[in-house]
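Trainee: Quick one: the structure is below, and I'll ask about it shortly.
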Amino acid sequence: MMPWSRWLRPGDWCVVPGALALCLWAATASFREGVASSAVVRRDGAVIAKLPLDRHARIGVTGALGETVIEVAPGRARVAADAGPRQLCVLQGWLTRPGAVAICAPSHLSLELEQLGPGHDSVAY
Amino acid sequence: MTVSPIERARDVRIARYAAIAVGLAMAEAALPSPLPGIKPGLANVVILIVLARHGWAEAAWVSVLRVVVTSLLTGQLFAPGFFLAGGGALTSLVVLWVAARLPSQFGPVSHGVLGACAHVTGQLALASGWLVPTQSIAVLAPILFTAAVLSGLATGIAAAELLHRGRHRLDLAHDR
């Protein structure tokens, strides 16, 4: 028994593992395999830029607080600079997986990686 | 209008708890965060203690004061971060109102975990519905909820430990 476990009451032993099991299920359900093909930049939910991930590029987009710089490279993308006070979306670094998203809330911007077309369930010859 | 000694003592107690919660939240604001929304939630230890010792109404006062004063001190009042924190806190308070009425088999740890998960739910709903309207924000949910469960567990254990010791110095006004 860990020393801290004495603070868990019988009901807590149901709540904590139950919550962790839900997290595991959510992580499994949201995991997407494959390779990202494009980076989509949205402001207030509307797409304002879409960049292919097969070449290097660096663009500036206008957010609610000023200019935000988006950088793409083969297979990855990131928010290189943002006018937000805490720079959380910048610190997130390079996104590589399809579905990965960086959110610059103060700027009302999001950067999301998309996969071209649906993934394949099976391949037959 | 006269204020009864009991009401005055309650107001002083709430103010002191809120001051401690704000102090913890300010210290936490200086810590780096790997992702938006991931924090240890140290101030929630105070909320859980107030909930256990003085009930939901006082916990709600402390929570609301903590959000407003912390936002004021960090220059985030009425910025998106303020609304995210406020939305998370209000959702958490609704869930804590229910959690406080559960049987005694559910203690501060359950309250901490449920409150933290509700906080993330409120923030995600507000972010995806208003700040950054996109379904893709759901991708962050597993990470944010896992962090919420772990921080809720830690804050719940800390609150249970402090409540058990009964010699913490949070309730100075009440003890004097």
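In the structure tokens, chains take letters A, B, ... by order of appearance, with residues numbered from 1 within each chain and ligands from 1 in the order shown.
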As number ranges by chain, list the residues of segment 62-122 of chain A assigned to strand (DSSP E) by DSSP on the backbone atoms of this structure.
Mentor: A: 62, 67-73, 76-81, 101-104, 109-114
Trainee: Residues of chain B were defined as contacting chain A if any atom lay at most 8 Å from it, counting only C-alpha atoms; please report them as number ranges by chain.
Mentor: B: 33-36, 79-81, 105-107, 109-110, 113, 127, 130-134, 136-137, 139-143, 145-146, 149, 153, 157, 160-161
Trainee: Go ahead and write the selection's residues with C-alpha atoms as a JSON list (two decimals), in the first residue's frame.
Mentor:
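What landed in part-v3.json:
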[["chain", "number", "residue", "atom", "x", "y", "z"],
["B", 33, "SER", "CA", 2.76, 24.66, -19.30],
["B", 34, "PRO", "CA", 3.32, 22.04, -22.01],
["B", 35, "LEU", "CA", -0.20, 22.47, -23.37],
["B", 36, "PRO", "CA", -2.98, 25.05, -22.92],
["B", 79, "ALA", "CA", -9.24, 38.20, -22.01],
["B", 80, "PRO", "CA", -9.95, 34.71, -23.43],
["B", 81, "GLY", "CA", -8.00, 33.12, -20.57],
["B", 105, "GLN", "CA", -17.70, 6.79, 0.66],
["B", 106, "PHE", "CA", -16.71, 9.50, -1.84],
["B", 107, "GLY", "CA", -14.15, 11.86, -0.30],
["B", 109, "VAL", "CA", -10.17, 12.58, -3.93],
["B", 110, "SER", "CA", -13.43, 11.90, -5.80],
["B", 113, "VAL", "CA", -11.03, 14.21, -9.81],
["B", 127, "ALA", "CA", -13.06, 26.85, -26.57],
["B", 130, "TRP", "CA", -16.74, 30.14, -29.02],
["B", 131, "LEU", "CA", -12.99, 30.83, -29.04],
["B", 132, "VAL", "CA", -11.76, 28.41, -31.70],
["B", 133, "PRO", "CA", -14.86, 26.83, -33.24],
["B", 134, "THR", "CA", -13.47, 23.55, -34.58],
["B", 136, "SER", "CA", -10.44, 19.20, -33.96],
["B", 137, "ILE", "CA", -10.07, 20.54, -30.43],
["B", 139, "VAL", "CA", -7.98, 15.73, -30.22],
["B", 140, "LEU", "CA", -6.64, 17.42, -27.10],
["B", 141, "ALA", "CA", -9.31, 15.87, -24.89],
["B", 142, "PRO", "CA", -7.51, 12.62, -23.92],
["B", 143, "ILE", "CA", -4.37, 14.50, -22.86],
["B", 145, "PHE", "CA", -8.56, 14.68, -19.21],
["B", 146, "THR", "CA", -5.62, 12.45, -18.21],
["B", 149, "VAL", "CA", -7.47, 13.05, -13.39],
["B", 153, "LEU", "CA", -5.97, 12.87, -7.58],
["B", 157, "ILE", "CA", -4.93, 13.61, -1.57],
["B", 160, "ALA", "CA", -7.50, 14.93, 2.56],
["B", 161, "GLU", "CA", -4.11, 15.05, 4.27]]
Trainee: Just the helix (DSSP H, G or I) stuff from chain A, please, per backbone DSSP, written as a ChimeraX atom specification.
Mentor: /A:3-7,12-30,88-91,105-107
Trainee: Mind dumping the selected residues with N, CA, C and O atoms as a compact mmCIF listing (two decimals), in the first residue's frame?
Mentor:
# COMPACT_ATOMS: atom_id res chain seq x y z
N PRO A 3 1.67 5.12 0.88
CA PRO A 3 1.21 5.89 2.03
C PRO A 3 0.02 6.81 1.72
O PRO A 3 -0.83 7.03 2.58
N TRP A 4 -0.04 7.31 0.48
CA TRP A 4 -1.11 8.24 0.15
C TRP A 4 -2.44 7.54 -0.05
O TRP A 4 -3.50 8.17 -0.01
N SER A 5 -2.40 6.22 -0.27
CA SER A 5 -3.64 5.52 -0.61
C SER A 5 -4.62 5.46 0.56
O SER A 5 -5.79 5.16 0.38
N ARG A 6 -4.12 5.76 1.78
CA ARG A 6 -5.03 5.74 2.91
C ARG A 6 -6.06 6.85 2.84
O ARG A 6 -7.06 6.84 3.56
N TRP A 7 -5.81 7.86 1.98
CA TRP A 7 -6.77 8.95 1.84
C TRP A 7 -7.85 8.65 0.83
O TRP A 7 -8.74 9.47 0.63
N ASP A 12 -13.80 6.44 -3.87
CA ASP A 12 -12.70 7.01 -4.66
C ASP A 12 -12.00 5.94 -5.49
O ASP A 12 -11.52 6.21 -6.59
N TRP A 13 -11.97 4.71 -4.95
CA TRP A 13 -11.33 3.61 -5.68
C TRP A 13 -12.12 3.24 -6.94
O TRP A 13 -11.61 2.53 -7.80
N CYS A 14 -13.36 3.67 -7.02
CA CYS A 14 -14.14 3.48 -8.25
C CYS A 14 -13.97 4.66 -9.19
O CYS A 14 -13.82 4.50 -10.40
N VAL A 15 -13.97 5.87 -8.62
CA VAL A 15 -13.94 7.08 -9.45
C VAL A 15 -12.60 7.22 -10.20
O VAL A 15 -12.58 7.45 -11.41
N VAL A 16 -11.48 7.04 -9.48
CA VAL A 16 -10.17 7.28 -10.10
C VAL A 16 -9.87 6.28 -11.22
O VAL A 16 -9.59 6.70 -12.36
N PRO A 17 -9.97 4.95 -10.99
CA PRO A 17 -9.72 4.03 -12.11
C PRO A 17 -10.74 4.20 -13.23
O PRO A 17 -10.40 4.08 -14.41
N GLY A 18 -11.98 4.51 -12.87
CA GLY A 18 -13.01 4.72 -13.90
C GLY A 18 -12.66 5.89 -14.79
O GLY A 18 -12.77 5.82 -16.03
N ALA A 19 -12.20 6.98 -14.18
CA ALA A 19 -11.83 8.17 -14.96
C ALA A 19 -10.62 7.88 -15.84
O ALA A 19 -10.57 8.30 -17.00
N LEU A 20 -9.64 7.15 -15.30
CA LEU A 20 -8.45 6.82 -16.09
C LEU A 20 -8.81 5.90 -17.26
O LEU A 20 -8.26 6.03 -18.36
N ALA A 21 -9.74 4.96 -17.02
CA ALA A 21 -10.18 4.06 -18.09
C ALA A 21 -10.86 4.85 -19.21
O ALA A 21 -10.64 4.57 -20.40
N LEU A 22 -11.64 5.86 -18.84
CA LEU A 22 -12.29 6.70 -19.86
C LEU A 22 -11.25 7.48 -20.68
O LEU A 22 -11.39 7.63 -21.89
N CYS A 23 -10.20 7.94 -19.99
CA CYS A 23 -9.12 8.66 -20.70
C CYS A 23 -8.43 7.74 -21.70
O CYS A 23 -8.14 8.14 -22.84
N LEU A 24 -8.17 6.51 -21.27
CA LEU A 24 -7.51 5.53 -22.14
C LEU A 24 -8.37 5.24 -23.35
O LEU A 24 -7.88 5.18 -24.49
N TRP A 25 -9.67 5.08 -23.11
CA TRP A 25 -10.60 4.81 -24.21
C TRP A 25 -10.62 6.00 -25.19
O TRP A 25 -10.58 5.82 -26.41
N ALA A 26 -10.66 7.21 -24.65
CA ALA A 26 -10.70 8.41 -25.50
C ALA A 26 -9.42 8.52 -26.32
O ALA A 26 -9.45 8.88 -27.50
N ALA A 27 -8.28 8.19 -25.69
CA ALA A 27 -7.00 8.27 -26.41
C ALA A 27 -6.97 7.24 -27.54
O ALA A 27 -6.53 7.54 -28.65
N THR A 28 -7.46 6.04 -27.27
CA THR A 28 -7.47 4.99 -28.29
C THR A 28 -8.41 5.39 -29.43
O THR A 28 -8.10 5.20 -30.60
N ALA A 29 -9.57 5.94 -29.08
CA ALA A 29 -10.57 6.28 -30.10
C ALA A 29 -10.11 7.44 -30.98
O ALA A 29 -10.45 7.50 -32.16
N SER A 30 -9.31 8.36 -30.41
CA SER A 30 -8.93 9.54 -31.19
C SER A 30 -7.61 9.36 -31.94
O SER A 30 -7.24 10.20 -32.75
N LEU A 88 1.57 29.71 -25.69
CA LEU A 88 1.39 28.27 -25.50
C LEU A 88 1.40 27.51 -26.82
O LEU A 88 1.97 26.42 -26.90
N CYS A 89 0.78 28.09 -27.86
CA CYS A 89 0.74 27.37 -29.14
C CYS A 89 2.12 27.32 -29.79
O CYS A 89 2.43 26.39 -30.53
N VAL A 90 2.94 28.32 -29.52
CA VAL A 90 4.30 28.32 -30.05
C VAL A 90 5.14 27.25 -29.34
O VAL A 90 5.88 26.48 -29.96
N LEU A 91 4.98 27.20 -28.02
CA LEU A 91 5.76 26.24 -27.22
C LEU A 91 5.38 24.79 -27.53
O LEU A 91 6.13 23.87 -27.21
N ALA A 105 -5.51 30.50 -28.49
CA ALA A 105 -6.82 31.01 -28.06
C ALA A 105 -6.92 32.53 -28.07
O ALA A 105 -7.89 33.07 -28.59
N PRO A 106 -5.90 33.26 -27.55
CA PRO A 106 -6.03 34.72 -27.56
C PRO A 106 -6.15 35.29 -28.98
O PRO A 106 -6.77 36.31 -29.18
N SER A 107 -5.53 34.60 -29.94
CA SER A 107 -5.58 35.08 -31.33
C SER A 107 -6.77 34.52 -32.10
O SER A 107 -6.95 34.85 -33.27
